[in-house]
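**Student:** Structure supplied as upload26.tsv; contents: TSV, C-alpha atoms.
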chain	number	residue	atom	x	y	z
M	1	MET	CA	-105.94	174.59	-50.24
M	2	LYS	CA	-103.35	173.49	-47.67
M	3	THR	CA	-103.70	172.15	-44.12
M	4	GLN	CA	-101.63	170.18	-41.65
M	5	VAL	CA	-104.13	167.34	-41.09
M	6	ALA	CA	-106.89	166.42	-43.56
M	7	ILE	CA	-109.70	164.61	-41.77
M	8	ILE	CA	-111.97	162.53	-43.98
M	9	GLY	CA	-115.34	162.08	-42.28
M	10	GLY	CA	-117.36	164.60	-40.27
M	11	GLY	CA	-118.95	162.27	-37.74
M	12	PRO	CA	-118.13	162.45	-34.04
M	13	SER	CA	-114.65	160.92	-34.29
M	14	GLY	CA	-113.54	163.24	-37.09
M	15	LEU	CA	-115.02	166.29	-35.37
M	16	LEU	CA	-113.49	165.36	-32.01
M	17	LEU	CA	-110.05	164.89	-33.54
M	18	SER	CA	-110.38	168.21	-35.36
M	19	GLN	CA	-111.42	170.05	-32.19
M	20	LEU	CA	-108.65	168.57	-30.06
M	21	LEU	CA	-105.99	169.35	-32.67
M	22	HIS	CA	-107.33	172.88	-33.14
M	23	ARG	CA	-106.96	173.55	-29.41
M	24	ALA	CA	-103.38	172.23	-29.65
M	25	GLY	CA	-102.59	174.67	-32.46
M	26	VAL	CA	-102.74	172.14	-35.30
M	27	ASP	CA	-104.67	173.16	-38.43
M	28	THR	CA	-107.26	170.74	-39.86
M	29	VAL	CA	-109.87	170.56	-42.59
M	30	VAL	CA	-112.78	168.10	-42.27
M	31	LEU	CA	-114.33	166.58	-45.40
M	32	GLU	CA	-117.87	165.24	-44.96
M	33	ARG	CA	-119.84	163.36	-47.62
M	34	LYS	CA	-123.28	164.37	-46.32
M	35	THR	CA	-124.89	167.57	-45.03
M	36	LYS	CA	-124.70	168.65	-41.42
M	37	ASP	CA	-128.44	167.98	-40.99
M	38	TYR	CA	-128.02	164.45	-42.33
M	39	VAL	CA	-125.19	163.69	-39.90
M	40	LEU	CA	-127.25	165.04	-37.01
M	41	GLY	CA	-130.21	162.90	-38.10
M	42	ARG	CA	-128.37	159.62	-37.56
M	43	ILE	CA	-129.69	157.60	-34.62
M	44	ARG	CA	-126.83	156.00	-32.70
M	45	ALA	CA	-125.98	154.66	-29.26
M	46	GLY	CA	-125.49	156.94	-26.30
M	47	VAL	CA	-123.45	155.09	-23.65
M	48	LEU	CA	-120.12	156.88	-23.17
M	49	GLU	CA	-117.06	155.59	-21.36
M	50	GLN	CA	-115.23	157.91	-18.98
M	51	GLY	CA	-112.35	158.09	-21.44
M	52	PHE	CA	-114.72	159.61	-23.99
M	53	VAL	CA	-116.15	161.98	-21.39
M	54	SER	CA	-112.61	163.12	-20.53
M	55	LEU	CA	-111.83	163.77	-24.20
M	56	MET	CA	-114.97	165.89	-24.53
M	57	LYS	CA	-113.83	167.91	-21.52
M	58	GLU	CA	-110.36	168.34	-23.01
M	59	ALA	CA	-112.00	169.46	-26.26
M	60	GLY	CA	-114.04	172.07	-24.37
M	61	CYS	CA	-117.31	170.42	-25.42
M	62	ALA	CA	-118.60	168.84	-22.19
M	63	ASP	CA	-120.83	171.53	-20.64
M	64	ARG	CA	-124.13	170.32	-22.04
M	65	MET	CA	-123.20	166.66	-21.55
M	66	GLU	CA	-122.40	167.27	-17.89
M	67	ARG	CA	-125.66	169.16	-17.45
M	68	ASP	CA	-128.03	166.91	-19.43
M	69	GLY	CA	-126.32	163.51	-19.43
M	70	PHE	CA	-127.22	160.66	-17.09
M	71	PRO	CA	-124.39	158.96	-15.18
M	72	HIS	CA	-125.19	155.25	-14.83
M	73	GLU	CA	-123.50	153.33	-12.05
M	74	GLY	CA	-124.63	149.88	-13.16
M	75	THR	CA	-126.73	147.80	-15.52
M	76	GLN	CA	-129.36	145.08	-15.29
M	77	ILE	CA	-128.84	141.67	-16.90
M	78	ALA	CA	-131.67	139.16	-17.22
M	79	PHE	CA	-132.10	135.58	-18.38
M	80	GLY	CA	-135.59	134.18	-18.24
M	81	GLU	CA	-137.24	135.65	-15.14
M	82	THR	CA	-133.91	136.05	-13.35
M	83	ALA	CA	-132.40	139.53	-13.22
M	84	PHE	CA	-129.31	140.81	-11.48
M	85	ARG	CA	-127.44	144.09	-11.36
M	86	VAL	CA	-123.76	144.67	-12.15
M	87	ASP	CA	-122.66	147.63	-10.01
M	88	PHE	CA	-120.04	149.53	-12.01
M	89	ALA	CA	-119.40	152.11	-9.31
M	90	ALA	CA	-118.82	149.56	-6.56
M	91	LEU	CA	-116.69	147.27	-8.72
M	92	THR	CA	-114.59	149.84	-10.59
M	93	GLY	CA	-115.29	153.22	-8.99
M	94	THR	CA	-116.39	154.46	-12.43
M	95	PRO	CA	-119.81	155.05	-14.02
M	96	VAL	CA	-120.74	155.43	-17.67
M	97	MET	CA	-122.51	158.45	-19.12
M	98	VAL	CA	-125.76	158.11	-21.07
M	99	TYR	CA	-125.81	160.95	-23.60
M	100	GLY	CA	-126.94	160.46	-27.18
M	101	GLN	CA	-124.40	160.37	-29.99
M	102	THR	CA	-126.50	162.91	-31.86
M	103	GLU	CA	-126.05	165.32	-28.96
M	104	VAL	CA	-122.30	164.62	-28.87
M	105	THR	CA	-122.11	165.46	-32.58
M	106	ARG	CA	-124.21	168.60	-32.09
M	107	ASP	CA	-121.85	169.80	-29.35
M	108	LEU	CA	-118.79	169.14	-31.51
M	109	TYR	CA	-120.28	170.96	-34.50
M	110	ALA	CA	-121.06	173.95	-32.28
M	111	ALA	CA	-117.48	174.01	-30.99
M	112	ARG	CA	-115.95	173.77	-34.48
M	113	GLU	CA	-118.21	176.54	-35.78
M	114	GLN	CA	-117.42	178.77	-32.81
M	115	MET	CA	-113.71	178.41	-33.60
M	116	ASP	CA	-114.25	178.83	-37.36
M	117	GLY	CA	-113.23	175.25	-37.97
M	118	LYS	CA	-112.99	174.31	-41.64
M	119	ILE	CA	-115.61	171.73	-42.65
M	120	GLU	CA	-116.47	170.95	-46.26
M	121	TYR	CA	-119.88	169.30	-46.70
M	122	GLU	CA	-121.33	167.23	-49.56
M	123	VAL	CA	-117.92	166.22	-50.88
M	124	GLU	CA	-117.89	163.63	-53.65
M	125	ASN	CA	-115.31	161.54	-55.48
M	126	VAL	CA	-112.84	161.72	-52.62
M	127	THR	CA	-109.47	160.29	-53.67
M	128	ILE	CA	-106.36	160.00	-51.51
M	129	HIS	CA	-103.04	160.52	-53.29
M	130	ASP	CA	-99.47	159.69	-52.24
M	131	ALA	CA	-100.37	158.67	-48.70
M	132	ASP	CA	-97.16	156.64	-48.56
M	133	GLY	CA	-95.04	159.59	-49.70
M	134	ASP	CA	-93.90	162.90	-48.25
M	135	ALA	CA	-96.57	165.11	-49.84
M	136	PRO	CA	-100.04	163.52	-49.59
M	137	CYS	CA	-103.16	165.23	-50.83
M	138	VAL	CA	-106.89	164.66	-51.28
M	139	THR	CA	-108.88	165.53	-54.37
M	140	TYR	CA	-112.65	165.79	-54.26
M	141	ALA	CA	-115.61	167.64	-55.72
M	142	VAL	CA	-118.23	169.89	-54.12
M	143	HIS	CA	-121.34	170.51	-56.24
M	144	GLY	CA	-119.36	169.61	-59.35
M	145	GLN	CA	-116.39	171.86	-58.56
M	146	GLU	CA	-113.06	170.00	-58.38
M	147	ARG	CA	-110.87	170.76	-55.37
M	148	ARG	CA	-107.53	169.71	-53.96
M	149	LEU	CA	-106.36	169.66	-50.35
M	150	ASP	CA	-102.64	169.31	-49.67
M	151	CYS	CA	-101.66	168.14	-46.20
M	152	ASP	CA	-98.97	166.66	-43.97
M	153	PHE	CA	-101.14	163.81	-42.67
M	154	LEU	CA	-104.53	162.23	-43.37
M	155	ALA	CA	-106.95	160.86	-40.78
M	156	GLY	CA	-109.51	158.42	-42.16
M	157	CYS	CA	-112.61	158.81	-39.99
M	158	ASP	CA	-115.03	157.96	-42.79
M	159	GLY	CA	-116.49	154.68	-41.58
M	160	PHE	CA	-116.63	151.15	-42.88
M	161	HIS	CA	-117.77	152.17	-46.39
M	162	GLY	CA	-115.41	155.13	-46.75
M	163	VAL	CA	-112.44	155.55	-49.05
M	164	SER	CA	-109.70	155.65	-46.42
M	165	ARG	CA	-109.30	151.96	-45.66
M	166	LYS	CA	-109.67	151.06	-49.33
M	167	SER	CA	-106.81	153.44	-50.14
M	168	ILE	CA	-104.41	151.10	-48.36
M	169	PRO	CA	-103.22	148.50	-50.90
M	170	GLU	CA	-104.78	145.06	-50.52
M	171	ASP	CA	-101.37	143.44	-50.24
M	172	VAL	CA	-100.62	145.67	-47.23
M	173	ARG	CA	-103.79	145.29	-45.18
M	174	ARG	CA	-105.24	142.20	-43.58
M	175	GLU	CA	-108.90	142.03	-42.63
M	176	TYR	CA	-110.66	139.93	-39.99
M	177	GLU	CA	-114.44	139.61	-39.95
M	178	LYS	CA	-117.27	137.76	-38.25
M	179	VAL	CA	-120.83	138.30	-39.51
M	180	TYR	CA	-123.47	137.40	-36.94
M	181	PRO	CA	-126.54	135.43	-38.03
M	182	TYR	CA	-128.98	138.01	-36.65
M	183	GLY	CA	-129.70	141.71	-36.59
M	184	TRP	CA	-131.20	144.26	-34.21
M	185	LEU	CA	-134.63	145.80	-34.72
M	186	GLY	CA	-134.49	149.18	-32.98
M	187	VAL	CA	-137.35	151.48	-31.97
M	188	LEU	CA	-137.14	155.02	-30.62
M	189	SER	CA	-140.17	156.26	-28.72
M	190	GLU	CA	-141.12	159.30	-26.66
M	191	THR	CA	-141.81	157.22	-23.58
M	192	PRO	CA	-140.14	156.98	-20.15
M	193	PRO	CA	-137.53	154.20	-19.86
M	194	VAL	CA	-138.60	150.91	-18.35
M	195	ASP	CA	-135.78	151.24	-15.80
M	196	HIS	CA	-133.34	153.94	-14.69
M	197	GLU	CA	-130.49	151.77	-16.03
M	198	LEU	CA	-130.03	149.67	-19.16
M	199	LEU	CA	-131.54	146.19	-19.21
M	200	TYR	CA	-129.94	143.41	-21.27
M	201	SER	CA	-132.12	140.31	-21.54
M	202	ASN	CA	-131.40	136.79	-22.82
M	203	SER	CA	-134.78	135.22	-23.60
M	204	GLU	CA	-135.72	131.92	-25.19
M	205	ARG	CA	-137.34	134.10	-27.88
M	206	GLY	CA	-134.12	136.05	-28.47
M	207	PHE	CA	-132.21	139.01	-27.11
M	208	ALA	CA	-133.77	142.31	-26.01
M	209	LEU	CA	-132.25	145.59	-24.81
M	210	CYS	CA	-134.04	148.41	-23.02
M	211	SER	CA	-132.08	151.67	-23.07
M	212	MET	CA	-132.77	155.38	-23.09
M	213	ARG	CA	-131.71	158.78	-24.34
M	214	ASN	CA	-133.35	160.84	-21.58
M	215	GLU	CA	-136.24	160.76	-19.11
M	216	ASN	CA	-138.84	160.73	-21.87
M	217	LEU	CA	-137.01	159.21	-24.82
M	218	SER	CA	-136.41	155.45	-24.87
M	219	ARG	CA	-134.53	153.20	-27.24
M	220	TYR	CA	-135.45	149.50	-27.43
M	221	TYR	CA	-133.97	146.65	-29.46
M	222	LEU	CA	-135.03	143.13	-30.39
M	223	GLN	CA	-132.87	140.44	-31.95
M	224	CYS	CA	-134.34	139.55	-35.34
M	225	SER	CA	-133.45	137.47	-38.37
M	226	LEU	CA	-131.52	139.08	-41.19
M	227	ASP	CA	-134.30	138.53	-43.71
M	228	GLU	CA	-136.91	140.48	-41.72
M	229	LYS	CA	-137.97	143.95	-42.80
M	230	VAL	CA	-139.03	146.97	-40.78
M	231	GLU	CA	-142.41	146.90	-42.52
M	232	ASP	CA	-143.03	143.45	-41.00
M	233	TRP	CA	-143.17	145.01	-37.54
M	234	SER	CA	-146.06	147.18	-36.43
M	235	ASP	CA	-145.59	149.16	-33.21
M	236	ALA	CA	-148.07	146.88	-31.44
M	237	ALA	CA	-146.18	143.75	-32.56
M	238	PHE	CA	-142.89	145.22	-31.36
M	239	TRP	CA	-144.19	146.08	-27.89
M	240	GLU	CA	-145.83	142.70	-27.43
M	241	GLU	CA	-142.64	140.89	-28.41
M	242	LEU	CA	-140.52	143.08	-26.16
M	243	LYS	CA	-142.75	142.25	-23.19
M	244	ARG	CA	-142.26	138.53	-23.90
M	245	ARG	CA	-138.46	138.89	-23.86
M	246	ILE	CA	-137.95	140.73	-20.57
M	247	PRO	CA	-138.77	139.58	-17.02
M	248	GLN	CA	-142.34	140.21	-15.87
M	249	GLN	CA	-141.21	142.77	-13.28
M	250	PHE	CA	-140.00	144.99	-16.11
M	251	ALA	CA	-142.75	144.14	-18.60
M	252	ASP	CA	-145.32	145.32	-16.06
M	253	LYS	CA	-143.65	148.76	-15.96
M	254	LEU	CA	-143.20	149.17	-19.72
M	255	VAL	CA	-144.83	152.30	-21.12
M	256	THR	CA	-145.58	151.97	-24.83
M	257	GLY	CA	-146.26	154.58	-27.48
M	258	PRO	CA	-145.86	155.38	-31.17
M	259	SER	CA	-142.39	154.84	-32.60
M	260	ILE	CA	-140.64	157.92	-33.96
M	261	GLU	CA	-137.87	155.86	-35.62
M	262	LYS	CA	-137.61	152.19	-36.49
M	263	SER	CA	-134.75	150.39	-38.21
M	264	ILE	CA	-132.95	147.05	-38.57
M	265	ALA	CA	-129.17	146.82	-38.38
M	266	PRO	CA	-127.00	143.77	-39.13
M	267	LEU	CA	-124.22	142.89	-36.67
M	268	ARG	CA	-120.58	142.22	-37.44
M	269	SER	CA	-117.14	142.19	-35.88
M	270	PHE	CA	-114.41	143.55	-38.14
M	271	VAL	CA	-110.78	144.64	-37.82
M	272	THR	CA	-108.28	145.75	-40.44
M	273	GLU	CA	-104.54	145.82	-39.84
M	274	PRO	CA	-102.48	147.98	-39.92
M	275	MET	CA	-104.25	151.21	-38.94
M	276	ARG	CA	-101.49	153.33	-40.46
M	277	TRP	CA	-100.05	153.40	-43.98
M	278	GLY	CA	-97.48	156.08	-44.58
M	279	ARG	CA	-99.12	159.35	-43.60
M	280	LEU	CA	-102.65	157.92	-43.55
M	281	PHE	CA	-104.15	156.89	-40.21
M	282	LEU	CA	-107.45	155.04	-39.76
M	283	CYS	CA	-109.81	155.88	-36.89
M	284	GLY	CA	-113.01	154.25	-35.68
M	285	ASP	CA	-115.30	152.38	-38.05
M	286	ALA	CA	-112.84	152.84	-40.92
M	287	ALA	CA	-110.62	150.33	-39.11
M	288	HIS	CA	-112.89	148.29	-36.85
M	289	ILE	CA	-116.54	147.43	-36.23
M	290	VAL	CA	-118.10	145.82	-33.16
M	291	PRO	CA	-121.62	144.55	-32.58
M	292	PRO	CA	-123.54	147.16	-30.55
M	293	THR	CA	-123.85	144.88	-27.52
M	294	GLY	CA	-121.89	146.72	-24.86
M	295	ALA	CA	-121.92	150.08	-26.72
M	296	LYS	CA	-118.29	150.06	-27.85
M	297	GLY	CA	-118.45	151.49	-31.38
M	298	LEU	CA	-118.16	155.21	-30.62
M	299	ASN	CA	-116.04	154.54	-27.55
M	300	SER	CA	-113.44	152.51	-29.42
M	301	ALA	CA	-113.28	155.28	-32.03
M	302	ALA	CA	-112.57	157.71	-29.18
M	303	SER	CA	-109.54	155.70	-28.05
M	304	ASP	CA	-108.16	155.90	-31.61
M	305	VAL	CA	-108.70	159.66	-31.52
M	306	HIS	CA	-106.88	159.84	-28.19
M	307	TYR	CA	-103.81	158.02	-29.52
M	308	LEU	CA	-103.72	159.91	-32.83
M	309	TYR	CA	-104.33	163.32	-31.26
M	310	HIS	CA	-101.45	162.88	-28.83
M	311	ALA	CA	-99.18	161.50	-31.56
M	312	LEU	CA	-99.81	164.45	-33.88
M	313	LYS	CA	-99.64	166.99	-31.07
M	314	ASP	CA	-96.23	165.67	-30.02
M	315	PHE	CA	-95.02	165.69	-33.61
M	316	TYR	CA	-95.97	169.31	-34.21
M	317	ALA	CA	-94.80	170.45	-30.78
M	318	SER	CA	-91.36	168.86	-30.80
M	319	GLY	CA	-90.88	166.71	-33.90
M	320	ASP	CA	-91.30	163.56	-31.78
M	321	GLU	CA	-92.40	160.76	-34.14
M	322	ARG	CA	-92.71	157.98	-31.56
M	323	GLY	CA	-96.47	158.41	-31.21
M	324	ILE	CA	-96.96	158.39	-34.97
M	325	ASP	CA	-94.77	155.33	-35.42
M	326	GLY	CA	-96.49	153.48	-32.57
M	327	TYR	CA	-100.07	154.52	-33.36
M	328	SER	CA	-101.23	151.40	-35.17
M	329	ALA	CA	-99.81	148.91	-32.67
M	330	LYS	CA	-101.09	150.85	-29.66
M	331	ALA	CA	-104.56	151.37	-31.11
M	332	LEU	CA	-104.92	147.75	-32.25
M	333	ALA	CA	-103.87	146.38	-28.86
M	334	ARG	CA	-106.91	148.07	-27.31
M	335	VAL	CA	-109.17	147.41	-30.31
M	336	TRP	CA	-108.74	143.65	-30.03
M	337	LYS	CA	-109.63	143.71	-26.32
M	338	VAL	CA	-112.77	145.68	-27.15
M	339	GLU	CA	-113.58	143.24	-29.96
M	340	ARG	CA	-113.23	140.36	-27.49
M	341	PHE	CA	-115.62	141.93	-25.00
M	342	SER	CA	-118.22	142.80	-27.63
M	343	TRP	CA	-118.03	139.28	-29.12
M	344	TRP	CA	-118.25	137.68	-25.65
M	345	PHE	CA	-121.21	139.78	-24.52
M	346	SER	CA	-123.04	139.23	-27.81
M	347	SER	CA	-122.46	135.47	-27.64
M	348	LEU	CA	-123.69	135.44	-24.04
M	349	MET	CA	-126.95	137.29	-24.65
M	350	HIS	CA	-128.18	136.08	-28.07
M	351	ARG	CA	-129.80	132.81	-29.14
M	352	THR	CA	-129.05	131.34	-32.56
M	353	ALA	CA	-130.78	128.75	-34.70
M	354	ASP	CA	-127.72	126.50	-34.78
M	355	GLN	CA	-127.26	126.58	-31.02
M	356	SER	CA	-127.15	123.02	-29.65
M	357	ALA	CA	-128.62	121.95	-26.33
M	358	PHE	CA	-125.08	121.85	-24.94
M	359	ASP	CA	-124.37	125.38	-26.23
M	360	HIS	CA	-127.52	126.64	-24.53
M	361	ARG	CA	-126.64	125.05	-21.19
M	362	MET	CA	-123.15	126.54	-21.37
M	363	GLN	CA	-124.69	129.95	-22.04
M	364	MET	CA	-126.96	129.57	-19.01
M	365	ALA	CA	-124.05	128.38	-16.87
M	366	GLU	CA	-122.05	131.43	-17.90
M	367	LEU	CA	-124.94	133.74	-16.98
M	368	GLU	CA	-125.44	132.00	-13.64
M	369	PHE	CA	-121.72	132.32	-12.93
M	370	LEU	CA	-121.80	136.01	-13.83
M	371	ALA	CA	-124.80	136.50	-11.53
M	372	SER	CA	-123.05	134.88	-8.57
M	373	SER	CA	-119.38	135.83	-8.98
M	374	GLU	CA	-118.06	139.23	-7.94
M	375	ALA	CA	-114.83	138.53	-9.84
M	376	ALA	CA	-116.75	137.81	-13.06
M	377	GLN	CA	-118.84	140.94	-12.58
M	378	ARG	CA	-115.73	143.03	-11.97
M	379	ALA	CA	-114.17	141.79	-15.20
M	380	MET	CA	-117.35	142.65	-17.08
M	381	ALA	CA	-117.62	146.04	-15.39
M	382	GLU	CA	-114.00	146.93	-16.19
M	383	ASN	CA	-114.64	146.26	-19.85
M	384	TYR	CA	-118.03	147.95	-19.92
M	385	VAL	CA	-116.94	151.25	-18.31
M	386	GLY	CA	-113.90	151.28	-20.59
M	387	LEU	CA	-110.37	149.94	-20.59
M	388	PRO	CA	-107.62	152.51	-19.98
M	389	TYR	CA	-106.03	154.27	-22.95
Let me see the file written as structure tokens.

**Tutor:**
Amino acid sequence: MKTQVAIIGGGPSGLLLSQLLHRAGVDTVVLERKTKDYVLGRIRAGVLEQGFVSLMKEAGCADRMERDGFPHEGTQIAFGETAFRVDFAALTGTPVMVYGQTEVTRDLYAAREQMDGKIEYEVENVTIHDADGDAPCVTYAVHGQERRLDCDFLAGCDGFHGVSRKSIPEDVRREYEKVYPYGWLGVLSETPPVDHELLYSNSERGFALCSMRNENLSRYYLQCSLDEKVEDWSDAAFWEELKRRIPQQFADKLVTGPSIEKSIAPLRSFVTEPMRWGRLFLCGDAAHIVPPTGAKGLNSAASDVHYLYHALKDFYASGDERGIDGYSAKALARVWKVERFSWWFSSLMHRTADQSAFDHRMQMAELEFLASSEAAQRAMAENYVGLPY
């Protein structure tokens, strides 16, 4: 089989890139390790920057998002019993869109299927060949049958554990990583949100986040230690702890109910450089990871897709290789700014066991400054709603 761009990974970034290229007349094949149902069963964040929203519109996949999504013009930040609002709309003129990643993926799958997009599911033993040459290809197996896909370019959208990054020789790539000494315990419940906007809370008992998917589907998180297990947390214990970590005015409004999903995720910051090797390009989690504080994972993947889509479109339209040659540098320049914001916001909102009394007072001083300074809030808002591409 032959295609112009082989896309490894059928999550939202791979599907979005495929859809955008298809509409630009560029042929793609998407290789996905799991089944479609498995991909759609993943529970992920749902705060979308306007850049992502614009890409969905350009891909022709925004109708349901515009109808069912929730534009948020600000967010609540709390420390102790103090809470203040950062007004994104007033400070930047831009809101964010709350629309679940599962729904984004569903919309992209529907668009690819409507256009007869080529997606191979349940692929195994994926191996990239000759990515640094003129004739790259991918070999893989589907249900025991060996297959080969020849291509002009490869896009690695297969996540942190995928084969794409590992296909770049170790003496070529350099990796940067910070592993945080805590995780997030997340609960999904069919309950109304505690507030119409997200609430981030720094508590002496640890961080808490109150978010939502829609008017009757809420997503809550608690900072937890890395050695804790989901089984250690009953629903009742989770709700009681959440109430202790948010200001009383919000705890009094909290509606509890049975959890329909519960999980613990570790947190890390990670970047690999470069994001291009020969004809292989890395996108999203294959190249960089951020802690979920600030909801930048999917959004930073979208900026990669934006740069790569335009680079490949220009190449096939006119032979212009400037976008291809500049992809890694341009993508990484934005990635590191996103990494900085996610690290800063995580450091601001979480407590750690090794935090000294001085560290704690500095954290409180930073929060008090953020609460009182329009300039500080504008800087946060600009990062939260999304830096320009």

**Student:** Can you work out the spacing between atom CA of Phe88 of chain M and atom CA of Leu367 of chain M in Å, to one decimal?

**Tutor:** 17.3 Å

**Student:** Considering all atoms listed in the file, return as a list in words whatever protein or nucleic-acid residues lie within 9 Å of Asp235 of chain M, sequence-local ones (same chain, fewer than 3 positions apart) excluded.

**Tutor:**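 What passes the distance filter is Val187, Phe238, Trp239, Glu240, Thr256, Gly257, Pro258 and Ser259 of chain M.
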
**Student:** Write the residues of the preceding selection, restricted to C-alpha atoms, as a PDB file, keeping the file's coordinate frame.

**Tutor:**
ATOM      1  CA  VAL M 187    -137.350 151.480 -31.970  1.00  0.00           C
ATOM      2  CA  PHE M 238    -142.890 145.220 -31.360  1.00  0.00           C
ATOM      3  CA  TRP M 239    -144.190 146.080 -27.890  1.00  0.00           C
ATOM      4  CA  GLU M 240    -145.830 142.700 -27.430  1.00  0.00           C
ATOM      5  CA  THR M 256    -145.580 151.970 -24.830  1.00  0.00           C
ATOM      6  CA  GLY M 257    -146.260 154.580 -27.480  1.00  0.00           C
ATOM      7  CA  PRO M 258    -145.860 155.380 -31.170  1.00  0.00           C
ATOM      8  CA  SER M 259    -142.390 154.840 -32.600  1.00  0.00           C
TER       9      SER M 259
END

**Student:** Could you tell me how far atom CA of Leu348 of chain M sits from atom CA of Ala90 of chain M, in Å to one decimal place?

**Tutor:** 23.0 Å

**Student:** Which protein, DNA or RNA residues are at most 12 Å from (-115.7, 162.8, -35.4) in the file's coordinates when you count all atoms listed in the file, listed as a ChimeraX atom specification?

**Tutor:** /M:7-20,30-32,39-40,52,55-56,59,101-102,104-109,112,119,155-159,283-286,298-299,301-306

**Student:** Nearest to His22 of chain M: which of M:Arg245, M:Asp63, M:Leu312, M:Phe160 is it, counting all atoms listed in the file?

**Tutor:** M:Leu312

**Student:** Which residues are close to segment 218-229 of chain M, i.e. within 8 Å by all atoms listed in the file, leaving aside same-chain residues fewer than 4 positions away? Reply as a PyMOL selection string.

**Tutor:** chain M and resi 181-193+206-214+233+242+264+266+350

**Student:** Please produce a file of those selected residues containing C-alpha atoms, as a short mmCIF file (atom, residue, chain, number, x, y, z; two decimals), in the frame of the given file.

**Tutor:**
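This is the output file out_27.cif:
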data_model
loop_
_atom_site.label_atom_id
_atom_site.label_comp_id
_atom_site.auth_asym_id
_atom_site.auth_seq_id
_atom_site.Cartn_x
_atom_site.Cartn_y
_atom_site.Cartn_z
CA PRO M 181 -126.54 135.43 -38.03
CA TYR M 182 -128.98 138.01 -36.65
CA GLY M 183 -129.70 141.71 -36.59
CA TRP M 184 -131.20 144.26 -34.21
CA LEU M 185 -134.63 145.80 -34.72
CA GLY M 186 -134.49 149.18 -32.98
CA VAL M 187 -137.35 151.48 -31.97
CA LEU M 188 -137.14 155.02 -30.62
CA SER M 189 -140.17 156.26 -28.72
CA GLU M 190 -141.12 159.30 -26.66
CA THR M 191 -141.81 157.22 -23.58
CA PRO M 192 -140.14 156.98 -20.15
CA PRO M 193 -137.53 154.20 -19.86
CA GLY M 206 -134.12 136.05 -28.47
CA PHE M 207 -132.21 139.01 -27.11
CA ALA M 208 -133.77 142.31 -26.01
CA LEU M 209 -132.25 145.59 -24.81
CA CYS M 210 -134.04 148.41 -23.02
CA SER M 211 -132.08 151.67 -23.07
CA MET M 212 -132.77 155.38 -23.09
CA ARG M 213 -131.71 158.78 -24.34
CA ASN M 214 -133.35 160.84 -21.58
CA TRP M 233 -143.17 145.01 -37.54
CA LEU M 242 -140.52 143.08 -26.16
CA ILE M 264 -132.95 147.05 -38.57
CA PRO M 266 -127.00 143.77 -39.13
CA HIS M 350 -128.18 136.08 -28.07
#

**Student:** Please compute the atom CA of Arg378 of chain M-atom CA of Leu48 of chain M distance, one decimal, in Å.

**Tutor:**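 Value for the atom CA of Arg378 of chain M-atom CA of Leu48 of chain M distance: 18.3 Å.
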
**Student:** Do you know which residues are at most 8 Å from segment 77-87 of chain M counting only C-alpha atoms, after dropping those on the same chain fewer than 3 positions away, and could you put them as a list in words?

**Tutor:**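 In the requested form, the answer reads Glu73, Gly74, Ala90, Leu91, Leu199, Tyr200, Ser201, Asn202, Ser203, Glu204, Arg245, Ile246, Pro247, Gln248, Met364, Leu367, Ala371, Gln377 and Ala381 of chain M.
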
**Student:** Emit as lines of an AutoDock Vina configuration file the padded axis-aligned box for all listed atoms of segment 142-161 of chain M, 5 Å per side, with centre and edge lengths in Å to one decimal.

**Tutor:**
center_x = -110.2
center_y = 161.5
center_z = -49.7
size_x = 32.4
size_y = 30.7
size_z = 29.4

**Student:** Please return, as a list in words, all polymer residues that have at least one atom within 10 Å of the point (-114.5, 144.5, -37.1); use all atoms listed in the file and the file's own coordinate frame.

**Tutor:**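 Residues with an atom close enough to that point: Phe160, Glu175, Tyr176, Glu177, Lys178, Val179, Leu267, Arg268, Ser269, Phe270, Val271, Thr272, Gly284, Asp285, Ala286, Ala287, His288, Ile289, Val290, Pro291, Gly297, Val335, Trp336 and Glu339 of chain M.
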
**Student:** Output C-alpha atoms for every residue in that selection, as an mmCIF file, in the coordinates of the input.

**Tutor:**
data_model
loop_
_atom_site.group_PDB
_atom_site.id
_atom_site.type_symbol
_atom_site.label_atom_id
_atom_site.label_comp_id
_atom_site.auth_asym_id
_atom_site.auth_seq_id
_atom_site.Cartn_x
_atom_site.Cartn_y
_atom_site.Cartn_z
ATOM 1 C CA PHE M 160 -116.630 151.150 -42.880
ATOM 2 C CA GLU M 175 -108.900 142.030 -42.630
ATOM 3 C CA TYR M 176 -110.660 139.930 -39.990
ATOM 4 C CA GLU M 177 -114.440 139.610 -39.950
ATOM 5 C CA LYS M 178 -117.270 137.760 -38.250
ATOM 6 C CA VAL M 179 -120.830 138.300 -39.510
ATOM 7 C CA LEU M 267 -124.220 142.890 -36.670
ATOM 8 C CA ARG M 268 -120.580 142.220 -37.440
ATOM 9 C CA SER M 269 -117.140 142.190 -35.880
ATOM 10 C CA PHE M 270 -114.410 143.550 -38.140
ATOM 11 C CA VAL M 271 -110.780 144.640 -37.820
ATOM 12 C CA THR M 272 -108.280 145.750 -40.440
ATOM 13 C CA GLY M 284 -113.010 154.250 -35.680
ATOM 14 C CA ASP M 285 -115.300 152.380 -38.050
ATOM 15 C CA ALA M 286 -112.840 152.840 -40.920
ATOM 16 C CA ALA M 287 -110.620 150.330 -39.110
ATOM 17 C CA HIS M 288 -112.890 148.290 -36.850
ATOM 18 C CA ILE M 289 -116.540 147.430 -36.230
ATOM 19 C CA VAL M 290 -118.100 145.820 -33.160
ATOM 20 C CA PRO M 291 -121.620 144.550 -32.580
ATOM 21 C CA GLY M 297 -118.450 151.490 -31.380
ATOM 22 C CA VAL M 335 -109.170 147.410 -30.310
ATOM 23 C CA TRP M 336 -108.740 143.650 -30.030
ATOM 24 C CA GLU M 339 -113.580 143.240 -29.960
#
